[in-house]
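What follows is the content of model-v1.cif (mmCIF, C-alpha atoms and all ligand atoms).
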data_work
loop_
_atom_site.group_PDB
_atom_site.id
_atom_site.type_symbol
_atom_site.label_atom_id
_atom_site.label_comp_id
_atom_site.auth_asym_id
_atom_site.auth_seq_id
_atom_site.Cartn_x
_atom_site.Cartn_y
_atom_site.Cartn_z
ATOM 1 C CA ASP G 1 -61.451 19.153 107.845
ATOM 2 C CA LEU G 2 -63.376 20.991 105.109
ATOM 3 C CA VAL G 3 -66.059 23.303 106.471
ATOM 4 C CA ASN G 4 -69.506 24.336 105.300
ATOM 5 C CA PRO G 5 -68.956 27.974 104.213
ATOM 6 C CA ARG G 6 -72.300 29.246 105.530
ATOM 7 C CA ASP G 7 -70.999 30.526 108.848
ATOM 8 C CA MET G 8 -67.940 32.218 107.363
ATOM 9 C CA LEU G 9 -70.168 34.017 104.856
ATOM 10 C CA VAL G 10 -72.773 35.079 107.404
ATOM 11 C CA GLU G 11 -69.997 36.417 109.610
ATOM 12 C CA ALA G 12 -68.443 38.240 106.649
ATOM 13 C CA ARG G 13 -71.729 39.903 105.764
ATOM 14 C CA ARG G 14 -72.155 40.981 109.358
ATOM 15 C CA GLY G 15 -68.573 42.240 109.507
ATOM 16 C CA GLY G 16 -68.655 44.100 106.190
ATOM 17 C CA TYR G 17 -65.931 42.079 104.471
ATOM 18 C CA ALA G 18 -65.864 39.265 101.911
ATOM 19 C CA ILE G 19 -64.414 35.793 101.588
ATOM 20 C CA GLY G 20 -62.355 35.147 98.463
ATOM 21 C CA ALA G 21 -63.607 32.156 96.467
ATOM 22 C CA PHE G 22 -60.969 30.957 94.047
ATOM 23 C CA ASN G 23 -61.355 28.574 91.130
ATOM 24 C CA ILE G 24 -58.622 25.961 91.244
ATOM 25 C CA HIS G 25 -57.658 23.492 88.510
ATOM 26 C CA ASN G 26 -54.960 21.198 89.855
ATOM 27 C CA LEU G 27 -52.687 20.503 92.798
ATOM 28 C CA GLU G 28 -50.502 23.571 92.325
ATOM 29 C CA THR G 29 -53.329 26.081 92.065
ATOM 30 C CA LEU G 30 -55.074 24.543 95.072
ATOM 31 C CA GLN G 31 -51.847 24.748 97.097
ATOM 32 C CA ALA G 32 -51.272 28.317 95.942
ATOM 33 C CA VAL G 33 -54.670 29.490 97.178
ATOM 34 C CA VAL G 34 -54.429 27.704 100.517
ATOM 35 C CA GLU G 35 -50.877 28.990 101.095
ATOM 36 C CA ALA G 36 -52.198 32.502 100.467
ATOM 37 C CA ALA G 37 -55.008 31.925 102.982
ATOM 38 C CA VAL G 38 -52.510 30.729 105.595
ATOM 39 C CA GLU G 39 -50.264 33.731 105.005
ATOM 40 C CA ALA G 40 -53.242 36.107 105.169
ATOM 41 C CA ALA G 41 -54.870 34.298 108.117
ATOM 42 C CA ALA G 42 -58.050 34.309 106.046
ATOM 43 C CA PRO G 43 -60.923 31.840 105.721
ATOM 44 C CA VAL G 44 -61.077 30.655 102.119
ATOM 45 C CA ILE G 45 -63.348 28.935 99.608
ATOM 46 C CA LEU G 46 -61.820 26.673 96.973
ATOM 47 C CA GLN G 47 -64.114 26.152 94.039
ATOM 48 C CA ALA G 48 -64.190 23.923 90.984
ATOM 49 C CA THR G 49 -66.443 24.078 87.953
ATOM 50 C CA PRO G 50 -68.083 20.957 86.492
ATOM 51 C CA GLY G 51 -65.371 21.073 83.800
ATOM 52 C CA THR G 52 -62.680 20.886 86.484
ATOM 53 C CA VAL G 53 -64.505 18.075 88.293
ATOM 54 C CA LYS G 54 -64.476 16.120 85.040
ATOM 55 C CA TYR G 55 -60.806 16.937 84.456
ATOM 56 C CA VAL G 56 -59.463 16.190 87.964
ATOM 57 C CA GLY G 57 -62.114 13.928 89.510
ATOM 58 C CA ALA G 58 -64.355 14.838 92.453
ATOM 59 C CA ASP G 59 -62.553 12.361 94.735
ATOM 60 C CA TYR G 60 -59.124 13.794 93.920
ATOM 61 C CA LEU G 61 -60.374 17.333 94.511
ATOM 62 C CA VAL G 62 -61.840 16.424 97.889
ATOM 63 C CA ALA G 63 -58.715 14.506 98.919
ATOM 64 C CA MET G 64 -56.389 17.376 97.983
ATOM 65 C CA ALA G 65 -58.616 19.980 99.634
ATOM 66 C CA ARG G 66 -58.858 17.895 102.827
ATOM 67 C CA VAL G 67 -55.099 17.569 103.108
ATOM 68 C CA ALA G 68 -54.701 21.279 102.474
ATOM 69 C CA SER G 69 -57.321 22.193 105.075
ATOM 70 C CA ARG G 70 -55.764 19.927 107.718
ATOM 71 C CA ARG G 71 -52.400 21.534 107.183
ATOM 72 C CA ALA G 72 -53.752 25.063 106.889
ATOM 73 C CA GLY G 73 -55.199 25.863 110.291
ATOM 74 C CA VAL G 74 -57.633 28.279 108.615
ATOM 75 C CA PRO G 75 -61.204 27.374 107.600
ATOM 76 C CA VAL G 76 -61.282 25.923 104.063
ATOM 77 C CA ALA G 77 -64.483 25.110 102.146
ATOM 78 C CA LEU G 78 -64.781 23.204 98.865
ATOM 79 C CA HIS G 79 -67.509 24.489 96.559
ATOM 80 C CA LEU G 80 -68.883 23.231 93.250
ATOM 81 C CA ASP G 81 -69.230 26.277 90.999
ATOM 82 C CA HIS G 82 -71.993 26.787 88.369
ATOM 83 C CA ALA G 83 -73.491 23.321 88.329
ATOM 84 C CA SER G 84 -76.760 22.629 86.574
ATOM 85 C CA ASP G 85 -76.546 18.824 86.397
ATOM 86 C CA ILE G 86 -78.279 17.315 89.437
ATOM 87 C CA ASP G 87 -76.396 14.016 89.077
ATOM 88 C CA LEU G 88 -73.038 15.782 89.115
ATOM 89 C CA ILE G 89 -74.129 17.776 92.173
ATOM 90 C CA GLY G 90 -75.096 14.538 93.919
ATOM 91 C CA ALA G 91 -71.741 12.951 93.059
ATOM 92 C CA CYS G 92 -69.785 15.944 94.383
ATOM 93 C CA LEU G 93 -71.797 16.004 97.626
ATOM 94 C CA GLU G 94 -71.211 12.281 97.995
ATOM 95 C CA ALA G 95 -67.475 12.817 97.454
ATOM 96 C CA GLY G 96 -67.336 15.439 100.221
ATOM 97 C CA PHE G 97 -67.826 18.910 98.705
ATOM 98 C CA THR G 98 -69.107 21.213 101.455
ATOM 99 C CA SER G 99 -70.990 23.596 99.172
ATOM 100 C CA VAL G 100 -72.578 23.657 95.735
ATOM 101 C CA MET G 101 -73.884 26.321 93.421
ATOM 102 C CA PHE G 102 -77.007 25.374 91.565
ATOM 103 C CA ASP G 103 -77.037 27.569 88.498
ATOM 104 C CA GLY G 104 -80.615 27.618 87.290
ATOM 105 C CA SER G 105 -80.186 31.039 85.757
ATOM 106 C CA THR G 106 -81.197 29.699 82.333
ATOM 107 C CA LEU G 107 -84.473 28.304 83.691
ATOM 108 C CA PRO G 108 -87.833 30.041 84.026
ATOM 109 C CA LEU G 109 -88.284 31.251 87.632
ATOM 110 C CA GLU G 110 -90.691 28.503 88.731
ATOM 111 C CA GLU G 111 -88.378 25.766 87.452
ATOM 112 C CA ASN G 112 -85.347 27.466 88.947
ATOM 113 C CA ILE G 113 -87.142 27.466 92.318
ATOM 114 C CA ALA G 114 -88.207 23.817 92.052
ATOM 115 C CA SER G 115 -84.758 22.569 91.026
ATOM 116 C CA THR G 116 -83.005 24.727 93.614
ATOM 117 C CA ARG G 117 -85.226 23.245 96.314
ATOM 118 C CA GLN G 118 -84.339 19.760 95.173
ATOM 119 C CA VAL G 119 -80.623 20.587 95.415
ATOM 120 C CA ILE G 120 -81.111 22.095 98.881
ATOM 121 C CA VAL G 121 -82.648 18.882 100.192
ATOM 122 C CA MET G 122 -79.693 16.886 98.851
ATOM 123 C CA ALA G 123 -77.038 19.310 100.081
ATOM 124 C CA HIS G 124 -78.455 20.019 103.531
ATOM 125 C CA ALA G 125 -78.793 16.286 104.170
ATOM 126 C CA LYS G 126 -75.014 16.163 103.737
ATOM 127 C CA GLY G 127 -74.364 19.271 105.817
ATOM 128 C CA ALA G 128 -73.404 21.267 102.727
ATOM 129 C CA ALA G 129 -74.462 24.765 101.675
ATOM 130 C CA VAL G 130 -76.256 25.910 98.521
ATOM 131 C CA GLU G 131 -75.643 29.047 96.460
ATOM 132 C CA ALA G 132 -78.036 29.950 93.660
ATOM 133 C CA GLU G 133 -78.081 32.639 91.008
ATOM 134 C CA LEU G 134 -80.849 34.937 89.980
ATOM 135 C CA GLY G 135 -80.455 36.975 86.835
ATOM 136 C CA ARG G 136 -77.744 36.042 84.389
ATOM 137 C CA LEU G 137 -74.097 36.979 84.175
ATOM 138 C CA GLY G 138 -72.494 37.723 80.839
ATOM 139 C CA GLY G 139 -69.133 36.401 79.686
ATOM 140 C CA ARG G 140 -67.553 33.020 79.447
ATOM 141 C CA GLU G 141 -66.476 30.340 81.901
ATOM 142 C CA ASP G 142 -65.862 26.794 80.701
ATOM 143 C CA ASP G 143 -68.944 25.636 78.790
ATOM 144 C CA LEU G 144 -70.966 28.497 80.163
ATOM 145 C CA ASP G 145 -71.002 31.187 77.496
ATOM 146 C CA VAL G 146 -73.500 34.011 77.726
ATOM 147 C CA ASP G 147 -73.379 36.883 75.289
ATOM 148 C CA GLU G 148 -74.155 40.398 76.409
ATOM 149 C CA ALA G 149 -77.632 40.380 74.897
ATOM 150 C CA MET G 150 -78.583 37.311 76.936
ATOM 151 C CA ALA G 151 -77.277 38.664 80.213
ATOM 152 C CA ASN G 152 -79.822 40.178 82.576
ATOM 153 C CA TYR G 153 -79.717 41.817 85.963
ATOM 154 C CA THR G 154 -81.127 40.496 89.224
ATOM 155 C CA ASP G 155 -84.489 41.964 90.110
ATOM 156 C CA PRO G 156 -84.607 42.908 93.829
ATOM 157 C CA GLU G 157 -88.249 41.905 94.320
ATOM 158 C CA GLU G 158 -87.685 38.605 92.560
ATOM 159 C CA ALA G 159 -84.684 38.039 94.836
ATOM 160 C CA VAL G 160 -86.960 38.320 97.885
ATOM 161 C CA LEU G 161 -89.436 35.888 96.389
ATOM 162 C CA PHE G 162 -86.701 33.469 95.291
ATOM 163 C CA THR G 163 -84.798 33.373 98.576
ATOM 164 C CA GLY G 164 -88.054 32.970 100.511
ATOM 165 C CA ALA G 165 -89.346 30.208 98.249
ATOM 166 C CA THR G 166 -86.122 28.191 98.224
ATOM 167 C CA GLY G 167 -84.218 28.519 101.515
ATOM 168 C CA ILE G 168 -80.811 28.899 99.854
ATOM 169 C CA ASP G 169 -77.748 29.779 101.921
ATOM 170 C CA SER G 170 -76.355 32.479 99.618
ATOM 171 C CA LEU G 171 -77.448 34.376 96.524
ATOM 172 C CA ALA G 172 -75.345 35.215 93.467
ATOM 173 C CA VAL G 173 -76.411 38.507 91.949
ATOM 174 C CA ALA G 174 -76.080 39.861 88.420
ATOM 175 C CA ILE G 175 -75.285 43.583 88.573
ATOM 176 C CA GLY G 176 -73.136 44.057 85.470
ATOM 177 C CA THR G 177 -70.100 41.873 86.173
ATOM 178 C CA ALA G 178 -69.074 39.242 83.633
ATOM 179 C CA HIS G 179 -66.940 36.116 83.632
ATOM 180 C CA GLY G 180 -63.528 36.513 82.015
ATOM 181 C CA VAL G 181 -61.713 39.729 81.142
ATOM 182 C CA TYR G 182 -63.572 42.960 80.445
ATOM 183 C CA ARG G 183 -63.368 44.945 77.268
ATOM 184 C CA GLY G 184 -63.355 48.451 78.611
ATOM 185 C CA GLU G 185 -64.367 49.565 82.068
ATOM 186 C CA PRO G 186 -67.266 47.480 83.427
ATOM 187 C CA ARG G 187 -70.291 49.505 84.523
ATOM 188 C CA LEU G 188 -71.828 48.084 87.645
ATOM 189 C CA ASP G 189 -75.322 48.810 88.899
ATOM 190 C CA PHE G 190 -74.505 49.689 92.501
ATOM 191 C CA ASP G 191 -78.017 51.000 93.158
ATOM 192 C CA ARG G 192 -79.415 47.619 92.232
ATOM 193 C CA LEU G 193 -76.991 45.900 94.600
ATOM 194 C CA LYS G 194 -78.010 48.303 97.349
ATOM 195 C CA ALA G 195 -81.686 47.536 96.701
ATOM 196 C CA ILE G 196 -81.068 43.769 96.792
ATOM 197 C CA ALA G 197 -78.971 43.995 99.960
ATOM 198 C CA ALA G 198 -81.664 46.062 101.669
ATOM 199 C CA ARG G 199 -84.223 43.308 101.049
ATOM 200 C CA VAL G 200 -82.120 40.136 101.296
ATOM 201 C CA SER G 201 -80.158 39.498 104.475
ATOM 202 C CA LEU G 202 -78.455 36.341 103.142
ATOM 203 C CA PRO G 203 -74.818 36.403 102.045
ATOM 204 C CA LEU G 204 -74.568 37.883 98.525
ATOM 205 C CA VAL G 205 -72.089 36.582 95.960
ATOM 206 C CA LEU G 206 -70.230 38.513 93.269
ATOM 207 C CA HIS G 207 -69.285 36.457 90.219
ATOM 208 C CA GLY G 208 -66.942 37.623 87.486
ATOM 209 C CA ALA G 209 -64.743 39.633 89.848
ATOM 210 C CA SER G 210 -61.543 39.216 87.815
ATOM 211 C CA GLY G 211 -60.731 42.414 85.958
ATOM 212 C CA LEU G 212 -62.788 44.724 88.166
ATOM 213 C CA PRO G 213 -60.976 47.776 89.535
ATOM 214 C CA ASP G 214 -60.183 47.339 93.242
ATOM 215 C CA ALA G 215 -62.422 50.287 94.072
ATOM 216 C CA ALA G 216 -65.408 48.588 92.442
ATOM 217 C CA VAL G 217 -64.838 45.386 94.426
ATOM 218 C CA ALA G 218 -64.502 47.373 97.643
ATOM 219 C CA ARG G 219 -67.716 49.255 96.923
ATOM 220 C CA CYS G 220 -69.609 46.019 96.252
ATOM 221 C CA ILE G 221 -68.394 44.639 99.572
ATOM 222 C CA ALA G 222 -69.436 47.810 101.389
ATOM 223 C CA LEU G 223 -72.899 47.307 99.848
ATOM 224 C CA GLY G 224 -73.321 43.708 101.038
ATOM 225 C CA ILE G 225 -71.256 41.355 98.867
ATOM 226 C CA CYS G 226 -69.511 38.801 101.087
ATOM 227 C CA LYS G 227 -68.216 36.201 98.593
ATOM 228 C CA VAL G 228 -66.003 37.344 95.719
ATOM 229 C CA ASN G 229 -65.375 34.824 92.926
ATOM 230 C CA ILE G 230 -62.007 34.928 91.175
ATOM 231 C CA ALA G 231 -61.090 32.559 88.340
ATOM 232 C CA THR G 232 -59.617 34.375 85.354
ATOM 233 C CA GLU G 233 -56.926 36.392 87.140
ATOM 234 C CA LEU G 234 -55.483 33.190 88.626
ATOM 235 C CA LYS G 235 -55.476 31.511 85.215
ATOM 236 C CA LEU G 236 -53.760 34.499 83.617
ATOM 237 C CA ALA G 237 -51.061 34.550 86.312
ATOM 238 C CA LEU G 238 -50.458 30.815 85.964
ATOM 239 C CA ALA G 239 -50.228 30.887 82.180
ATOM 240 C CA ALA G 240 -48.050 34.017 82.094
ATOM 241 C CA SER G 241 -45.558 32.506 84.533
ATOM 242 C CA LEU G 242 -45.384 29.174 82.700
ATOM 243 C CA ARG G 243 -44.917 30.944 79.358
ATOM 244 C CA ALA G 244 -42.189 33.196 80.717
ATOM 245 C CA THR G 245 -40.263 30.357 82.341
ATOM 246 C CA LEU G 246 -40.457 28.056 79.349
ATOM 247 C CA ALA G 247 -39.606 30.841 76.907
ATOM 248 C CA ALA G 248 -36.588 31.868 78.969
ATOM 249 C CA ARG G 249 -35.466 28.249 79.396
ATOM 250 C CA PRO G 250 -36.665 26.234 76.383
ATOM 251 C CA GLU G 251 -34.608 23.214 77.504
ATOM 252 C CA GLU G 252 -36.322 23.029 80.897
ATOM 253 C CA THR G 253 -38.209 19.764 81.388
ATOM 254 C CA ASP G 254 -38.455 19.478 85.173
ATOM 255 C CA PRO G 255 -42.095 20.241 86.101
ATOM 256 C CA ARG G 256 -40.970 21.427 89.536
ATOM 257 C CA HIS G 257 -38.814 24.094 87.950
ATOM 258 C CA TYR G 258 -41.626 25.659 85.961
ATOM 259 C CA PHE G 259 -44.504 24.958 88.362
ATOM 260 C CA ALA G 260 -42.830 26.407 91.446
ATOM 261 C CA PRO G 261 -42.712 30.003 90.125
ATOM 262 C CA ALA G 262 -46.174 29.568 88.596
ATOM 263 C CA ARG G 263 -47.562 28.471 91.942
ATOM 264 C CA ARG G 264 -45.982 31.538 93.581
ATOM 265 C CA ALA G 265 -47.545 33.799 90.945
ATOM 266 C CA VAL G 266 -51.002 32.353 91.624
ATOM 267 C CA LYS G 267 -50.462 32.679 95.367
ATOM 268 C CA ASP G 268 -49.550 36.359 95.023
ATOM 269 C CA VAL G 269 -52.758 37.116 93.115
ATOM 270 C CA ALA G 270 -54.879 35.231 95.651
ATOM 271 C CA LEU G 271 -53.176 36.988 98.551
ATOM 272 C CA GLY G 272 -53.842 40.402 97.019
ATOM 273 C CA LYS G 273 -57.525 39.559 96.583
ATOM 274 C CA MET G 274 -57.869 38.292 100.165
ATOM 275 C CA ARG G 275 -56.462 41.582 101.413
ATOM 276 C CA LEU G 276 -58.701 43.570 99.066
ATOM 277 C CA CYS G 277 -61.715 41.637 100.369
ATOM 278 C CA GLY G 278 -60.839 42.393 103.980
ATOM 279 C CA ALA G 279 -60.646 38.656 104.744
ATOM 280 C CA ALA G 280 -57.027 38.850 105.900
ATOM 281 C CA GLY G 281 -56.576 38.515 109.641
ATOM 282 C CA ARG G 282 -60.082 37.144 110.252
ATOM 283 C CA VAL G 283 -58.908 33.775 111.554
HETATM 284 P P1 LIG Q 301 -63.854 35.593 86.702
HETATM 285 O O1 LIG Q 301 -63.396 34.574 85.708
HETATM 286 O O2 LIG Q 301 -64.223 36.882 86.076
HETATM 287 O O3 LIG Q 301 -62.868 35.712 87.802
HETATM 288 O O4 LIG Q 301 -65.201 35.024 87.366
HETATM 289 C C1 LIG Q 301 -65.095 33.976 88.301
HETATM 290 C C2 LIG Q 301 -66.413 33.390 88.673
HETATM 291 O O5 LIG Q 301 -67.442 34.030 88.717
HETATM 292 C C3 LIG Q 301 -66.414 31.962 89.044
HETATM 293 O O6 LIG Q 301 -67.689 31.491 89.250
HETATM 294 ZN ZN ZN Q 302 -69.243 32.552 88.215
HETATM 295 NA NA NA Q 303 -64.520 39.006 85.148
#
Could you write out this structure as structure tokens?
Ligand code: 13P
Ligand code: ZN
Ligand code: NA
Amino acid sequence: DLVNPRDMLVEARRGGYAIGAFNIHNLETLQAVVEAAVEAAAPVILQATPGTVKYVGADYLVAMARVASRRAGVPVALHLDHASDIDLIGACLEAGFTSVMFDGSTLPLEENIASTRQVIVMAHAKGAAVEAELGRLGGREDDLDVDEAMANYTDPEEAVLFTGATGIDSLAVAIGTAHGVYRGEPRLDFDRLKAIAARVSLPLVLHGASGLPDAAVARCIALGICKVNIATELKLALAASLRATLAARPEETDPRHYFAPARRAVKDVALGKMRLCGAAGRV
């Protein structure tokens, strides 16, 4: 069945590798990611944003993820990504999500702490884990749109205070990554990550990992990142494959004929990221 990702993340931090956390949007993308995890023999985190929960339904997501995890034979967690609505978090926990991210990064610190604590009580009562974010990532994901000027980096001292005051299971850090594609080479603040990792022993999460050079991802992992979030690169692979198939065969109407290659394309991207993260062969 679906697992709480806490242990896999703690083990990854200890072992100096990272778990890939992949945003899925439907049956095919969920299957693609889990097939990649099976092929890689890697633990995996499936994640869905509030927008995806509204599109698919929390119960459908849990049902699909459960079936996939039973078939997989590798640990599979289901995580709610970037949620700020407490009611939606409650509904997803009720439905069977094994992890949630409370994104209070828009709130003043005291309010972020208070709301995060509230979410922890709800989640831990259900045996689920809680990720929270300190600092603010730039870029765009679903309804979450933060322009560069609004983005700000995680402060290492604040991270100590925040993790101590809340009791979260993992911490998402802002060190210069952004959601979506990058215009130009992203400049990451590795020294800041090193300073955070030296003070915070919890699993650290890298958002916005699509579009980063492999070397940058590897360096982040060496410095303490143990969950790597990938959304955009899967979406690009899916859309590119669908476009190519339908352009080459405009008469094609059988969904299986255009989804099968698209699912393979998504799987290939996920597999590459699992290997990059060092998660392959950990099961
Ligand atoms: P990307 O869209 O850059 O892959 O970011 C994913 C992410 O952080 C999901 O929370
Ligand atoms: Zn994110
Ligand atoms: Na990105």
When the cut-off is 7 Å and you count all atoms listed in the file, which residues lie near ligand NA 303 (chain Q), shown as a count of residues only? 12
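What separates atom CA of G:Gly139 from atom CA of G:Pro261 is a distance of 29.1 Å.
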So which residues are near ligand ZN 302 (chain Q), meaning at most 9 Å away with all atoms listed in the file counted, given back as a count of residues only? 16
Excluding G:Cys226 and any residue of its chain fewer than 2 positions from it, enumerate the residues within 6 Å of it, using all atoms listed in the file, and give them as a ChimeraX atom specification. /G:12-13,17-19,203-204
Mind giving me the straight-line distance from atom CA of G:Val62 to atom CA of G:Ala262 in Å, one decimal? 22.5 Å
Could you check the closest approach to ligand LIG 301 (chain Q) for each of G:Pro156, G:Gly16, G:Gly281, G:Gly176 and tell me which residue wins, using only C-alpha atoms and all ligand atoms? G:Gly176
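Across the structure, atom CA of G:Arg66 and atom CA of G:Ala48 are spaced 14.3 Å apart.
Residue nearest G:Glu35, chosen from G:Leu80, G:Val56, G:Ala270, G:Val200 and counting all atoms listed in the file: G:Ala270.
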Which residues, named as in the file, does the PyMOL selection byres (((chain G and resi 120) around 12) and not hetatm) pick out? Answer as a PyMOL selection string. chain G and resi 86+89-90+93+99-102+113-119+121-132+163+165-170
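Nearest residue to G:Asp155 among G:Ala72, G:Ala218, G:Ala91, G:Leu134 is G:Leu134, counting all atoms listed in the file.
Taking all atoms listed in the file into account, the protein, DNA and RNA residues within 9 Å of (-72.5, 16.8, 84.7) read G:Pro50, G:Gly51, G:Val53, G:Lys54, G:Ala83, G:Ser84, G:Asp85, G:Ile86, G:Asp87, G:Leu88, G:Ile89.
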Write a file of the selected residues as a tab-separated table (two decimals), in the frame of the given file, keeping C-alpha atoms.
chain	number	residue	atom	x	y	z
G	50	PRO	CA	-68.08	20.96	86.49
G	51	GLY	CA	-65.37	21.07	83.80
G	53	VAL	CA	-64.50	18.08	88.29
G	54	LYS	CA	-64.48	16.12	85.04
G	83	ALA	CA	-73.49	23.32	88.33
G	84	SER	CA	-76.76	22.63	86.57
G	85	ASP	CA	-76.55	18.82	86.40
G	86	ILE	CA	-78.28	17.32	89.44
G	87	ASP	CA	-76.40	14.02	89.08
G	88	LEU	CA	-73.04	15.78	89.12
G	89	ILE	CA	-74.13	17.78	92.17
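The residue set within 12 Å of G:Arg243, counting all atoms listed in the file and dropping same-chain residues fewer than 3 places from it, reads Leu236, Ala237, Leu238, Ala239, Ala240, Leu246, Ala247, Ala248, Arg249, Pro250, Glu252, Tyr258, Phe259, Pro261 and Ala262 of chain G.
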Write a file of the just-selected residues containing C-alpha atoms, as an mmCIF file, in the coordinates of the input.
data_model
loop_
_atom_site.group_PDB
_atom_site.id
_atom_site.type_symbol
_atom_site.label_atom_id
_atom_site.label_comp_id
_atom_site.auth_asym_id
_atom_site.auth_seq_id
_atom_site.Cartn_x
_atom_site.Cartn_y
_atom_site.Cartn_z
ATOM 1 C CA LEU G 236 -53.760 34.499 83.617
ATOM 2 C CA ALA G 237 -51.061 34.550 86.312
ATOM 3 C CA LEU G 238 -50.458 30.815 85.964
ATOM 4 C CA ALA G 239 -50.228 30.887 82.180
ATOM 5 C CA ALA G 240 -48.050 34.017 82.094
ATOM 6 C CA LEU G 246 -40.457 28.056 79.349
ATOM 7 C CA ALA G 247 -39.606 30.841 76.907
ATOM 8 C CA ALA G 248 -36.588 31.868 78.969
ATOM 9 C CA ARG G 249 -35.466 28.249 79.396
ATOM 10 C CA PRO G 250 -36.665 26.234 76.383
ATOM 11 C CA GLU G 252 -36.322 23.029 80.897
ATOM 12 C CA TYR G 258 -41.626 25.659 85.961
ATOM 13 C CA PHE G 259 -44.504 24.958 88.362
ATOM 14 C CA PRO G 261 -42.712 30.003 90.125
ATOM 15 C CA ALA G 262 -46.174 29.568 88.596
#
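Within 10 Å of the point (-66.0, 27.4, 105.2) in file coordinates, and counting all atoms listed in the file, lie the residues G:Asp1, G:Leu2, G:Val3, G:Asn4, G:Pro5, G:Arg6, G:Asp7, G:Met8, G:Leu9, G:Ile19, G:Pro43, G:Val44, G:Ile45, G:Leu46, G:Val74, G:Pro75, G:Val76, G:Ala77, G:Leu78, G:His79, G:Thr98, G:Ser99, G:Ala128, G:Ala129.
Restricting the calculation to only C-alpha atoms and all ligand atoms, the smallest distance between ligand LIG 301 (chain Q) and any of G:Val205, G:Ile175, G:Cys220, G:Ala65 is found for G:Val205.
Each of G:Gln31, G:Asn26, G:Thr52, G:Thr245 was compared to ligand LIG 301 (chain Q) using only C-alpha atoms and all ligand atoms, and G:Thr52 turns out to be the nearest.
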Using the incomplete input, complete stretch 130-141 of chain G to the level of N, CA and C atoms; output as a JSON list (two decimals), in the frame of the given file.
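part39.json, freshly written:
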[["chain", "number", "residue", "atom", "x", "y", "z"],
["G", 130, "VAL", "N", -75.82, 25.71, 99.91],
["G", 130, "VAL", "CA", -76.26, 25.91, 98.52],
["G", 130, "VAL", "C", -76.28, 27.39, 98.16],
["G", 131, "GLU", "N", -75.60, 27.70, 97.06],
["G", 131, "GLU", "CA", -75.64, 29.05, 96.46],
["G", 131, "GLU", "C", -76.49, 28.93, 95.19],
["G", 132, "ALA", "N", -77.29, 29.95, 94.92],
["G", 132, "ALA", "CA", -78.04, 29.95, 93.66],
["G", 132, "ALA", "C", -77.92, 31.32, 93.03],
["G", 133, "GLU", "N", -78.21, 31.38, 91.74],
["G", 133, "GLU", "CA", -78.08, 32.64, 91.01],
["G", 133, "GLU", "C", -79.42, 33.08, 90.45],
["G", 134, "LEU", "N", -79.65, 34.35, 90.55],
["G", 134, "LEU", "CA", -80.85, 34.94, 89.98],
["G", 134, "LEU", "C", -80.40, 36.06, 89.05],
["G", 135, "GLY", "N", -80.99, 36.11, 87.87],
["G", 135, "GLY", "CA", -80.46, 36.98, 86.84],
["G", 135, "GLY", "C", -79.38, 36.18, 86.13],
["G", 136, "ARG", "N", -78.72, 36.79, 85.17],
["G", 136, "ARG", "CA", -77.74, 36.04, 84.39],
["G", 136, "ARG", "C", -76.53, 36.85, 84.07],
["G", 137, "LEU", "N", -75.36, 36.30, 84.41],
["G", 137, "LEU", "CA", -74.10, 36.98, 84.18],
["G", 137, "LEU", "C", -73.67, 36.82, 82.73],
["G", 138, "GLY", "N", -73.08, 37.86, 82.17],
["G", 138, "GLY", "CA", -72.49, 37.72, 80.84],
["G", 138, "GLY", "C", -71.10, 37.12, 80.92],
["G", 139, "GLY", "N", -70.51, 36.86, 79.76],
["G", 139, "GLY", "CA", -69.13, 36.40, 79.69],
["G", 139, "GLY", "C", -69.03, 34.90, 79.58],
["G", 140, "ARG", "N", -67.80, 34.43, 79.73],
["G", 140, "ARG", "CA", -67.55, 33.02, 79.45],
["G", 140, "ARG", "C", -66.77, 32.34, 80.55],
["G", 141, "GLU", "N", -67.23, 31.19, 80.98],
["G", 141, "GLU", "CA", -66.48, 30.34, 81.90],
["G", 141, "GLU", "C", -66.76, 28.90, 81.52]]
